[in-house]
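Colleague: Contents of upload11.txt (compact mmCIF, C-alpha atoms) are given next:
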```txt
# COMPACT_ATOMS: atom_id res chain seq x y z
CA MET E 586 12.22 17.49 10.98
CA LYS E 587 14.73 14.69 10.80
CA LEU E 588 14.60 12.11 8.00
CA TYR E 589 16.28 8.78 8.65
CA SER E 590 17.14 7.72 5.13
CA MET E 591 19.02 4.90 3.40
CA PRO E 592 20.96 6.52 0.53
CA SER E 593 20.71 3.46 -1.75
CA SER E 594 17.00 2.83 -1.13
CA GLY E 595 14.20 3.96 -3.42
CA ASN E 596 11.76 4.13 -0.51
CA SER E 597 13.98 6.64 1.30
CA TYR E 598 14.65 8.51 -1.95
CA LYS E 599 10.93 9.27 -2.38
CA ALA E 600 10.99 11.61 0.61
CA ARG E 601 14.32 13.20 -0.32
CA LEU E 602 13.02 13.88 -3.83
CA LEU E 603 9.81 15.51 -2.60
CA LEU E 604 11.71 17.64 -0.08
CA ALA E 605 13.96 18.87 -2.90
CA LEU E 606 11.08 19.54 -5.30
CA THR E 607 9.16 21.53 -2.67
CA GLY E 608 12.21 23.34 -1.35
CA ARG E 609 11.64 22.14 2.20
CA ALA E 610 14.47 21.50 4.58
CA ALA E 611 14.95 18.50 6.83
CA GLU E 612 17.98 17.12 8.58
CA ILE E 613 18.91 13.95 6.69
CA VAL E 614 20.43 11.14 8.74
CA ASP E 615 22.10 8.69 6.37
CA CYS E 616 21.57 5.10 7.48
CA GLU E 617 23.06 2.93 4.76
CA GLN E 618 22.52 -0.84 4.78
CA GLY E 619 25.06 -2.37 7.18
CA SER E 620 26.23 1.01 8.53
CA GLU E 621 26.95 1.95 12.11
CA ALA E 622 24.46 4.80 11.81
CA LEU E 623 21.67 2.35 11.02
CA ALA E 624 22.68 0.07 13.89
CA ARG E 625 22.75 3.09 16.21
CA ALA E 626 19.30 4.31 15.14
CA ARG E 627 17.90 0.82 15.60
CA ALA E 628 19.54 0.41 19.00
CA GLY E 629 18.15 3.78 20.08
CA ARG E 630 14.67 2.63 19.05
CA VAL E 631 14.22 5.68 16.86
CA LEU E 632 12.99 3.67 13.89
CA PRO E 633 9.59 1.97 14.06
CA TYR E 634 10.36 -1.74 13.67
CA GLY E 635 13.89 -0.81 12.69
CA LYS E 636 12.82 0.36 9.25
CA VAL E 637 13.84 3.35 7.14
CA PRO E 638 12.69 5.79 5.99
CA ALA E 639 11.32 7.33 9.18
CA LEU E 640 10.44 10.99 9.61
CA VAL E 641 10.84 12.38 13.11
CA LEU E 642 8.79 15.53 13.57
CA ASP E 643 9.78 18.45 15.76
CA ASP E 644 7.27 17.38 18.43
CA GLY E 645 8.85 13.92 18.58
CA ARG E 646 6.15 12.05 16.73
CA VAL E 647 7.46 9.60 14.13
CA LEU E 648 6.07 8.70 10.73
CA ALA E 649 6.91 5.40 9.05
CA GLU E 650 6.04 3.97 5.64
CA SER E 651 7.53 5.79 2.66
CA ASP E 652 4.23 6.63 0.97
CA ALA E 653 2.67 7.95 4.20
CA ILE E 654 5.72 10.20 4.62
CA LEU E 655 5.22 11.38 1.03
CA TRP E 656 1.59 12.17 1.85
CA TYR E 657 2.54 14.14 4.97
CA LEU E 658 5.20 16.16 3.17
CA GLY E 659 2.89 16.66 0.20
CA GLU E 660 -0.10 18.08 2.07
CA GLY E 661 -0.71 21.69 1.13
CA THR E 662 1.40 21.43 -2.03
CA ALA E 663 0.39 20.99 -5.68
CA PHE E 664 1.71 17.41 -5.54
CA ILE E 665 -1.69 16.36 -4.11
CA PRO E 666 -4.61 17.04 -6.48
CA ALA E 667 -7.33 19.42 -5.29
CA ASP E 668 -10.04 17.22 -6.82
CA ALA E 669 -11.29 14.44 -4.51
CA VAL E 670 -11.54 11.80 -7.21
CA LYS E 671 -8.05 12.55 -8.52
CA ARG E 672 -6.74 12.50 -4.95
CA ALA E 673 -8.16 8.99 -4.49
CA GLN E 674 -6.81 7.90 -7.87
CA MET E 675 -3.39 9.15 -6.80
CA LEU E 676 -3.58 7.12 -3.60
CA GLY E 677 -4.74 4.17 -5.69
CA TRP E 678 -1.46 4.24 -7.63
CA MET E 679 0.45 4.53 -4.36
CA PHE E 680 -1.29 1.49 -2.84
CA TRP E 681 -0.71 -0.34 -6.12
CA GLU E 682 2.97 0.55 -5.88
CA GLN E 683 3.24 -1.03 -2.44
CA TYR E 684 1.20 -4.12 -3.30
CA SER E 685 2.08 -4.87 -6.92
CA HIS E 686 5.16 -2.89 -7.99
CA GLU E 687 7.60 -2.68 -5.08
CA PRO E 688 7.50 -6.41 -4.14
CA VAL E 689 8.59 -7.23 -7.69
CA ILE E 690 10.55 -4.35 -9.24
CA ALA E 691 12.36 -3.27 -6.05
CA VAL E 692 12.93 -6.80 -4.80
CA ARG E 693 14.73 -7.88 -7.99
CA GLN E 694 16.99 -4.82 -7.63
CA ALA E 695 17.67 -5.66 -3.97
CA LEU E 696 18.51 -9.28 -4.76
CA LEU E 697 21.02 -8.12 -7.37
CA SER E 698 22.46 -5.25 -5.29
CA TYR E 699 22.69 -6.20 -1.61
CA PRO E 700 25.21 -8.95 -0.71
CA ASP E 701 23.02 -10.13 2.20
CA ARG E 702 20.22 -10.90 -0.27
CA ALA E 703 22.41 -12.87 -2.69
CA ALA E 704 21.35 -16.25 -1.27
CA GLU E 705 17.75 -15.55 -2.34
CA ALA E 706 18.81 -14.63 -5.86
CA THR E 707 18.25 -18.05 -7.41
CA PRO E 708 17.84 -18.25 -11.21
CA ALA E 709 14.20 -19.33 -10.82
CA ARG E 710 13.40 -16.41 -8.47
CA LEU E 711 15.11 -13.89 -10.73
CA ALA E 712 13.33 -15.23 -13.81
CA ASP E 713 9.95 -15.05 -12.06
CA LEU E 714 10.59 -11.48 -10.91
CA LEU E 715 11.71 -10.53 -14.41
CA GLU E 716 8.57 -11.81 -16.08
CA ARG E 717 6.21 -10.40 -13.46
CA GLY E 718 8.08 -7.09 -13.46
CA HIS E 719 7.66 -6.64 -17.19
CA ALA E 720 3.90 -7.12 -16.70
CA VAL E 721 3.92 -4.51 -13.89
CA LEU E 722 5.81 -2.03 -16.07
CA ARG E 723 3.30 -2.66 -18.86
CA VAL E 724 0.55 -1.28 -16.56
CA ILE E 725 2.44 2.02 -16.22
CA GLU E 726 3.28 2.08 -19.94
CA ASP E 727 -0.40 1.61 -20.84
CA ARG E 728 -1.42 4.42 -18.52
CA LEU E 729 1.16 6.77 -20.06
CA ALA E 730 0.05 5.99 -23.62
CA ASP E 731 -2.32 8.97 -23.52
CA ALA E 732 -1.09 10.94 -20.50
CA ASP E 733 2.08 12.74 -19.46
CA TRP E 734 1.50 11.97 -15.77
CA LEU E 735 -0.28 9.20 -13.90
CA VAL E 736 -3.10 11.33 -12.50
CA GLY E 737 -4.84 14.57 -13.31
CA GLY E 738 -2.64 15.97 -16.05
CA ARG E 739 0.18 17.10 -13.79
CA VAL E 740 2.86 15.63 -11.57
CA SER E 741 1.62 14.22 -8.25
CA LEU E 742 2.87 12.02 -5.44
CA ALA E 743 1.89 9.01 -7.57
CA ASP E 744 4.60 9.86 -10.10
CA LEU E 745 7.29 10.41 -7.45
CA CYS E 746 6.33 7.24 -5.63
CA LEU E 747 6.57 5.13 -8.78
CA TYR E 748 9.62 6.94 -10.15
CA ALA E 749 11.72 5.80 -7.19
CA TYR E 750 12.12 2.15 -8.16
CA THR E 751 11.17 2.45 -11.83
CA HIS E 752 14.03 4.74 -12.81
CA THR E 753 16.59 2.13 -11.72
CA ALA E 754 14.63 -0.88 -13.01
CA GLY E 755 16.86 -1.22 -16.07
CA THR E 756 20.26 -0.44 -14.59
CA ARG E 757 19.84 -2.22 -11.26
CA GLY E 758 17.05 -4.67 -11.96
CA GLY E 759 17.90 -5.87 -15.45
CA TYR E 760 14.47 -5.04 -16.87
CA ASP E 761 14.29 -4.41 -20.60
CA MET E 762 13.23 -0.76 -20.57
CA ALA E 763 13.46 -0.46 -24.37
CA ARG E 764 10.02 -2.08 -24.41
CA PHE E 765 8.56 0.88 -22.54
CA PRO E 766 9.20 4.13 -24.42
CA GLY E 767 6.32 5.87 -22.64
CA ILE E 768 7.97 5.16 -19.31
CA GLY E 769 11.29 6.44 -20.67
CA ALA E 770 9.73 9.78 -21.64
CA TRP E 771 7.95 10.01 -18.27
CA LEU E 772 11.21 9.37 -16.37
CA ASP E 773 12.74 12.25 -18.37
CA ARG E 774 9.81 14.50 -17.40
CA VAL E 775 10.42 13.76 -13.72
CA ARG E 776 14.16 14.44 -14.13
CA SER E 777 13.31 17.82 -15.69
CA LEU E 778 11.27 19.04 -12.71
CA PRO E 779 12.72 22.16 -11.06
CA GLY E 780 14.68 21.17 -7.96
CA TYR E 781 15.08 17.52 -9.00
CA VAL E 782 17.78 15.53 -7.22
CA GLY E 783 19.02 12.09 -8.18
CA LEU E 784 19.09 8.97 -6.03
CA SER E 785 22.72 9.38 -5.02
CA SER E 786 22.57 13.12 -4.35
CA MET M 1380 -22.32 5.20 -7.12
CA LYS M 1381 -21.96 1.56 -8.05
CA LEU M 1382 -19.65 -0.73 -6.08
CA TYR M 1383 -18.47 -3.89 -7.81
CA SER M 1384 -17.84 -6.13 -4.86
CA MET M 1385 -16.85 -9.75 -4.22
CA PRO M 1386 -19.00 -10.95 -1.26
CA SER M 1387 -16.32 -13.32 0.10
CA SER M 1388 -13.42 -10.85 -0.23
CA GLY M 1389 -12.08 -8.75 2.60
CA ASN M 1390 -10.89 -6.07 0.18
CA SER M 1391 -14.45 -5.58 -1.11
CA TYR M 1392 -15.86 -5.80 2.41
CA LYS M 1393 -13.84 -2.75 3.49
CA ALA M 1394 -15.93 -0.48 1.27
CA ARG M 1395 -19.24 -2.15 2.19
CA LEU M 1396 -18.42 -1.76 5.89
CA LEU M 1397 -17.58 1.94 5.57
CA LEU M 1398 -20.72 2.60 3.51
CA ALA M 1399 -22.78 0.97 6.27
CA LEU M 1400 -21.02 2.81 9.09
CA THR M 1401 -21.49 6.16 7.38
CA GLY M 1402 -25.05 5.48 6.24
CA ARG M 1403 -24.23 6.12 2.61
CA ALA M 1404 -25.99 4.31 -0.20
CA ALA M 1405 -24.41 2.71 -3.24
CA GLU M 1406 -25.66 0.12 -5.65
CA ILE M 1407 -23.77 -3.07 -4.84
CA VAL M 1408 -22.99 -5.37 -7.76
CA ASP M 1409 -22.05 -8.78 -6.38
CA CYS M 1410 -19.23 -10.36 -8.36
CA GLU M 1411 -18.33 -13.56 -6.57
CA GLN M 1412 -15.23 -15.53 -7.57
CA GLY M 1413 -16.15 -17.68 -10.58
CA SER M 1414 -19.55 -16.01 -11.07
CA GLU M 1415 -21.16 -14.96 -14.32
CA ALA M 1416 -21.50 -11.43 -12.92
CA LEU M 1417 -17.73 -11.17 -12.51
CA ALA M 1418 -17.13 -12.56 -15.99
CA ARG M 1419 -19.66 -10.06 -17.38
CA ALA M 1420 -18.07 -7.09 -15.60
CA ARG M 1421 -14.64 -8.14 -16.83
CA ALA M 1422 -15.89 -8.65 -20.40
CA GLY M 1423 -17.52 -5.22 -20.30
CA ARG M 1424 -14.19 -3.70 -19.23
CA VAL M 1425 -15.84 -2.06 -16.24
CA LEU M 1426 -13.18 -3.26 -13.81
CA PRO M 1427 -9.67 -1.81 -14.02
CA TYR M 1428 -7.44 -4.82 -14.78
CA GLY M 1429 -10.40 -7.07 -14.01
CA LYS M 1430 -10.08 -6.50 -10.28
CA VAL M 1431 -12.69 -5.94 -7.58
CA PRO M 1432 -13.54 -3.88 -5.66
CA ALA M 1433 -14.13 -1.04 -8.11
CA LEU M 1434 -16.23 2.03 -7.40
CA VAL M 1435 -17.95 3.57 -10.41
CA LEU M 1436 -18.90 7.17 -9.73
CA ASP M 1437 -21.95 8.90 -11.13
CA ASP M 1438 -19.82 10.78 -13.65
CA GLY M 1439 -18.40 7.49 -14.95
CA ARG M 1440 -14.98 7.77 -13.36
CA VAL M 1441 -13.76 4.56 -11.73
CA LEU M 1442 -11.74 4.05 -8.56
CA ALA M 1443 -9.71 0.89 -7.98
CA GLU M 1444 -7.65 -0.32 -5.01
CA SER M 1445 -9.63 -1.07 -1.85
CA ASP M 1446 -7.80 1.38 0.38
CA ALA M 1447 -8.09 4.23 -2.13
CA ILE M 1448 -11.84 3.55 -2.29
CA LEU M 1449 -11.92 3.67 1.53
CA TRP M 1450 -10.15 7.03 1.41
CA TYR M 1451 -12.59 8.44 -1.14
CA LEU M 1452 -15.64 7.28 0.81
CA GLY M 1453 -14.08 8.45 4.06
CA GLU M 1454 -13.31 12.03 3.04
CA GLY M 1455 -15.38 14.49 5.01
CA THR M 1456 -16.24 11.93 7.69
CA ALA M 1457 -14.79 11.38 11.17
CA PHE M 1458 -13.10 8.20 9.89
CA ILE M 1459 -10.24 10.40 8.66
CA PRO M 1460 -8.45 12.30 11.46
CA ALA M 1461 -8.48 16.09 11.32
CA ASP M 1462 -4.85 16.25 12.50
CA ALA M 1463 -2.28 16.04 9.68
CA VAL M 1464 0.14 13.79 11.56
CA LYS M 1465 -2.61 11.39 12.58
CA ARG M 1466 -3.89 11.38 9.01
CA ALA M 1467 -0.45 10.35 7.78
CA GLN M 1468 -0.16 7.73 10.54
CA MET M 1469 -3.51 6.34 9.43
CA LEU M 1470 -2.30 6.10 5.84
CA GLY M 1471 0.88 4.48 7.17
CA TRP M 1472 -1.17 1.62 8.64
CA MET M 1473 -3.06 1.32 5.35
CA PHE M 1474 0.14 1.10 3.30
CA TRP M 1475 1.47 -1.39 5.84
CA GLU M 1476 -1.70 -3.43 5.40
CA GLN M 1477 -1.15 -3.66 1.64
CA TYR M 1478 2.58 -4.37 1.86
CA SER M 1479 2.98 -6.48 5.00
CA HIS M 1480 -0.41 -7.77 6.18
CA GLU M 1481 -2.59 -8.59 3.18
CA PRO M 1482 0.07 -10.60 1.26
CA VAL M 1483 0.38 -12.90 4.28
CA ILE M 1484 -2.86 -12.94 6.29
CA ALA M 1485 -5.25 -12.68 3.34
CA VAL M 1486 -3.23 -14.96 1.10
CA ARG M 1487 -3.28 -17.85 3.62
CA GLN M 1488 -7.06 -17.46 3.84
CA ALA M 1489 -7.37 -17.46 0.04
CA LEU M 1490 -5.21 -20.56 -0.32
CA LEU M 1491 -7.43 -22.39 2.17
CA SER M 1492 -10.76 -21.05 0.80
CA TYR M 1493 -10.66 -20.79 -2.99
CA PRO M 1494 -10.47 -24.09 -4.94
CA ASP M 1495 -8.50 -22.45 -7.75
CA ARG M 1496 -5.74 -21.58 -5.27
CA ALA M 1497 -5.48 -25.08 -3.77
CA ALA M 1498 -2.49 -26.05 -5.93
CA GLU M 1499 -0.44 -23.29 -4.28
CA ALA M 1500 -1.38 -24.45 -0.79
CA THR M 1501 1.66 -26.63 -0.20
CA PRO M 1502 2.55 -27.52 3.41
CA ALA M 1503 5.74 -25.44 3.19
CA ARG M 1504 3.89 -22.38 1.86
CA LEU M 1505 1.16 -22.67 4.51
CA ALA M 1506 3.74 -23.07 7.29
CA ASP M 1507 5.67 -20.02 6.10
CA LEU M 1508 2.50 -17.91 5.90
CA LEU M 1509 1.48 -19.10 9.37
CA GLU M 1510 4.75 -18.09 10.99
CA ARG M 1511 5.00 -14.77 9.16
CA GLY M 1512 1.33 -14.05 9.87
CA HIS M 1513 1.75 -14.48 13.60
CA ALA M 1514 4.58 -11.92 13.45
CA VAL M 1515 2.34 -9.52 11.51
CA LEU M 1516 -0.47 -9.94 14.03
CA ARG M 1517 2.02 -9.27 16.83
CA VAL M 1518 2.60 -5.77 15.37
CA ILE M 1519 -1.12 -4.99 15.71
CA GLU M 1520 -1.28 -6.58 19.18
CA ASP M 1521 1.67 -4.46 20.36
CA ARG M 1522 0.04 -1.29 19.05
CA LEU M 1523 -3.22 -2.13 20.85
CA ALA M 1524 -1.48 -2.80 24.16
CA ASP M 1525 -2.04 0.82 25.18
CA ALA M 1526 -4.68 2.00 22.71
CA ASP M 1527 -8.26 1.13 21.81
CA TRP M 1528 -7.77 2.11 18.17
CA LEU M 1529 -4.78 2.15 15.82
CA VAL M 1530 -4.58 5.94 15.43
CA GLY M 1531 -5.67 9.01 17.30
CA GLY M 1532 -7.83 7.53 20.04
CA ARG M 1533 -10.84 6.84 17.87
CA VAL M 1534 -11.85 4.57 15.01
CA SER M 1535 -10.41 5.51 11.60
CA LEU M 1536 -10.00 3.99 8.16
CA ALA M 1537 -6.90 2.22 9.49
CA ASP M 1538 -9.04 0.08 11.80
CA LEU M 1539 -11.58 -0.79 9.09
CA CYS M 1540 -8.85 -1.58 6.59
CA LEU M 1541 -7.09 -3.95 8.99
CA TYR M 1542 -10.30 -5.40 10.42
CA ALA M 1543 -11.26 -6.83 7.03
CA TYR M 1544 -8.76 -9.69 6.89
CA THR M 1545 -7.89 -9.82 10.59
CA HIS M 1546 -11.37 -10.74 11.80
CA THR M 1547 -11.33 -13.93 9.72
CA ALA M 1548 -7.66 -14.75 10.35
CA GLY M 1549 -8.56 -17.43 12.90
CA THR M 1550 -11.60 -19.01 11.28
CA ARG M 1551 -10.44 -18.90 7.66
CA GLY M 1552 -6.70 -18.61 8.00
CA GLY M 1553 -5.97 -20.94 10.89
CA TYR M 1554 -4.05 -18.34 12.88
CA ASP M 1555 -3.93 -18.83 16.64
CA MET M 1556 -5.87 -15.77 17.77
CA ALA M 1557 -5.76 -16.79 21.43
CA ARG M 1558 -2.25 -15.33 21.44
CA PHE M 1559 -3.65 -11.90 20.66
CA PRO M 1560 -6.21 -10.84 23.27
CA GLY M 1561 -5.75 -7.16 22.42
CA ILE M 1562 -6.76 -7.87 18.85
CA GLY M 1563 -9.76 -9.84 20.11
CA ALA M 1564 -11.02 -6.89 22.13
CA TRP M 1565 -10.39 -4.52 19.21
CA LEU M 1566 -12.37 -6.76 16.82
CA ASP M 1567 -15.24 -6.60 19.33
CA ARG M 1568 -15.01 -2.81 19.39
CA VAL M 1569 -15.36 -2.68 15.60
CA ARG M 1570 -18.32 -5.08 15.71
CA SER M 1571 -20.00 -2.77 18.25
CA LEU M 1572 -19.88 0.30 16.00
CA PRO M 1573 -23.33 1.67 15.11
CA GLY M 1574 -24.32 0.50 11.64
CA TYR M 1575 -21.81 -2.39 11.57
CA VAL M 1576 -22.42 -5.10 9.00
CA GLY M 1577 -20.63 -8.45 8.79
CA LEU M 1578 -18.69 -9.85 5.88
CA SER M 1579 -21.56 -11.97 4.59
CA SER M 1580 -24.26 -9.32 4.99
```
Please go through the file and, once you have read it, give me the structure as structure tokens.

Modeller:
Amino acid sequence: MKLYSMPSSGNSYKARLLLALTGRAAEIVDCEQGSEALARARAGRVLPYGKVPALVLDDGRVLAESDAILWYLGEGTAFIPADAVKRAQMLGWMFWEQYSHEPVIAVRQALLSYPDRAAEATPARLADLLERGHAVLRVIEDRLADADWLVGGRVSLADLCLYAYTHTAGTRGGYDMARFPGIGAWLDRVRSLPGYVGLSS
Amino acid sequence: MKLYSMPSSGNSYKARLLLALTGRAAEIVDCEQGSEALARARAGRVLPYGKVPALVLDDGRVLAESDAILWYLGEGTAFIPADAVKRAQMLGWMFWEQYSHEPVIAVRQALLSYPDRAAEATPARLADLLERGHAVLRVIEDRLADADWLVGGRVSLADLCLYAYTHTAGTRGGYDMARFPGIGAWLDRVRSLPGYVGLSS
């Protein structure tokens, strides 16, 4: 397997984190924003619609979409619950991440981090993303009020998926994480998992 | 099972369509926008975060997120591919729908259909959603250039998920569907499935 991955991107990090936690190997092709490697992969039409992450399987088939890659790499591991209802609840959090969390929490981080997004980073836009992001984080905080993990009493793909952009929400996104002590403890639990690697590893 | 469903909403329709296609029964609780039934369900805290669709299982557990409900109802049926790669590709289309398709194609329809969204329906917003929506539809059209279905040569949850808001994109959303003959033929294929029900059924 070959994972085309952007080192600075939470979406790419999801797959790298799961590979590390499950002890699976894949060739990682770093494609940083603005890099020659990314331009080359796009020119070679390796990446569906030019996007990373993309997982190229040994038979040549390609998987896109970070959470679908997580699912593929997670099948057959304990990161997908055995119970059908919990499995669907896990996917529910992952769809929620793509629809409600990423477009707010990750976008504010991108606007503040990537020079080519700076023009979009108007005060009004940043203020809107800040307010909406705190409401999004409140949903996770409420869920963790009486649970260590999002689904089924143990770590699942839902936690990894939401960890990716939540663990940098304060440092990169300017969110006030002191309001969310439950999230803080949950981030620590993820960091303590055997095999854990950080975003910049 | 009890499905809390908004009759006019594509997200709710996904679950109703799959129930019909698989011949499964569920009690449908209609919760139209602005209805007393919706207000009652919200007041009774039945709906996670007040959102529909929500599927209440016989043991009282509740599933939210339209595509996670699709997954749950689809498990054990031929609407989920047996092959692991195809299964992940199917989920990839479903994540893409939530991230890239629904926030454009469904939102333009909502702005034009629901009176409480009319204030957001500025000419600039509608023009932006029109242009971006045509690009989104082009992705589906390209995929269907050499395939009858989105994944694996037969109908899957990916097709039902994307059918929901695509089949009303012209009539409700004002998109120029004449540009997308492949999508037109695919919509007809979905409509021809045994057990098919329409949005307003």

Colleague: Calculated over all atoms listed in the file, which of the candidates E:Gly595, E:Met586, E:Thr662, E:Ala754 has the smallest distance to Asp644 of chain E?

Modeller: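 Answer, going by the shortest atom-to-atom distance: E:Met586.
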
Colleague: With 10 Å as the limit and counting only C-alpha atoms, what residues in chain E lie close to chain M? Please list them as a PyMOL selection string.

Modeller: chain E and resi 634+642+646-658+660+669-685+687-688+724

Colleague: Please compute the atom CA of Ser785 of chain E-atom CA of Arg630 of chain E distance, one decimal, in Å.

Modeller: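 So the two atoms, atom CA of Ser785 of chain E and atom CA of Arg630 of chain E, lie 26.3 Å apart.
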
Colleague: Do a neighbour search on Val1569 of chain M at 8 Å with all atoms listed in the file, toss out local chain neighbours closer than 3 positions, and write the hits as a PDB file with C-alpha atoms, keeping the file's coordinate frame.

Modeller:
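As a result, out-v3.pdb now contains:
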```
ATOM      1  CA  ASP M1538      -9.040   0.080  11.800  1.00  0.00           C
ATOM      2  CA  LEU M1539     -11.580  -0.790   9.090  1.00  0.00           C
ATOM      3  CA  TYR M1542     -10.300  -5.400  10.420  1.00  0.00           C
ATOM      4  CA  TRP M1565     -10.390  -4.520  19.210  1.00  0.00           C
ATOM      5  CA  LEU M1566     -12.370  -6.760  16.820  1.00  0.00           C
ATOM      6  CA  LEU M1572     -19.880   0.300  16.000  1.00  0.00           C
ATOM      7  CA  TYR M1575     -21.810  -2.390  11.570  1.00  0.00           C
TER       8      TYR M1575
END
```

Colleague: What's the separation between atom CA of Gly608 of chain E and atom CA of Leu632 of chain E, in Å to one decimal place?

Modeller: 24.9 Å

Colleague: What does the distance from atom CA of Glu726 of chain E to atom CA of Ala695 of chain E come to in Å, to one decimal?

Modeller: 22.8 Å

Colleague: From the set M:Ala1526, M:Leu1508, M:Leu1536, M:Leu1541, which residue has the shortest atom-to-atom contact distance to Tyr1554 of chain M, counting all atoms listed in the file?

Modeller: M:Leu1508

Colleague: Pick the closest to Gly767 of chain E from E:Asp701, E:Asp615, E:Asp733, E:Glu716: which is it, counting all atoms listed in the file?

Modeller: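 Among E:Asp701, E:Asp615, E:Asp733, E:Glu716, it is E:Asp733 that comes nearest to Gly767 of chain E.
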
Colleague: Which residue is closest to Asp1437 of chain M? Choose from M:Ile1562, M:Ala1503, M:Ala1498, M:Leu1382 and count all atoms listed in the file.

Modeller: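 Of all the options, M:Leu1382 lies closest to Asp1437 of chain M.
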
Colleague: Report as a VMD selection string all protein, DNA and RNA residues lying within 12 Å of Arg625 of chain E, evaluated on all atoms listed in the file, omitting residues in the same chain fewer than 4 positions from it.

Modeller: chain E and resid 589 614 to 617 619 to 621 629 to 632 635

Colleague: Tell me which of M:Arg1395, M:Arg1558, M:Arg1533, M:Arg1496 sits closest to Ala1457 of chain M, counting all atoms listed in the file.

Modeller: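 Ranked by minimum distance to Ala1457 of chain M, first place goes to M:Arg1533.
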
Colleague: Could you check which of E:Arg728, E:Gly780, E:Ala712, E:Thr751 is closest to Pro1427 of chain M, using all atoms listed in the file?

Modeller: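 The shortest atom-to-atom distance to Pro1427 of chain M comes from E:Arg728.
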
Colleague: Counting all atoms listed in the file, what is within 10 Å of Val692 of chain E, bar same-chain residues fewer than 6 positions away, as a list in words?

Modeller: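 Listed by chain and then number, they are His686, Ser698, Arg702, Ala706, Leu711, Leu714, Gly718, Tyr750 and Gly758 of chain E.
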
Colleague: List every protein, DNA or RNA residue with an atom no more than 6 Å from (11.8, 19.1, 8.3) in the file's coordinates, counting all atoms listed in the file, and format the result as a CSV table (one decimal) with C-alpha atoms, keeping the file's coordinate frame.

Modeller:
```
chain,number,residue,atom,x,y,z
E,586,MET,CA,12.2,17.5,11.0
E,587,LYS,CA,14.7,14.7,10.8
E,610,ALA,CA,14.5,21.5,4.6
E,611,ALA,CA,15.0,18.5,6.8
```

Colleague: Can you sort out the box for segment 612-615 of chain E, edges along x, y and z, all listed atoms in, 5 Å on every side, with centre and edge lengths in Å to one decimal, as lines of an AutoDock Vina configuration file?

Modeller:
```
center_x = 20.0
center_y = 12.9
center_z = 7.6
size_x = 14.1
size_y = 18.4
size_z = 12.4
```
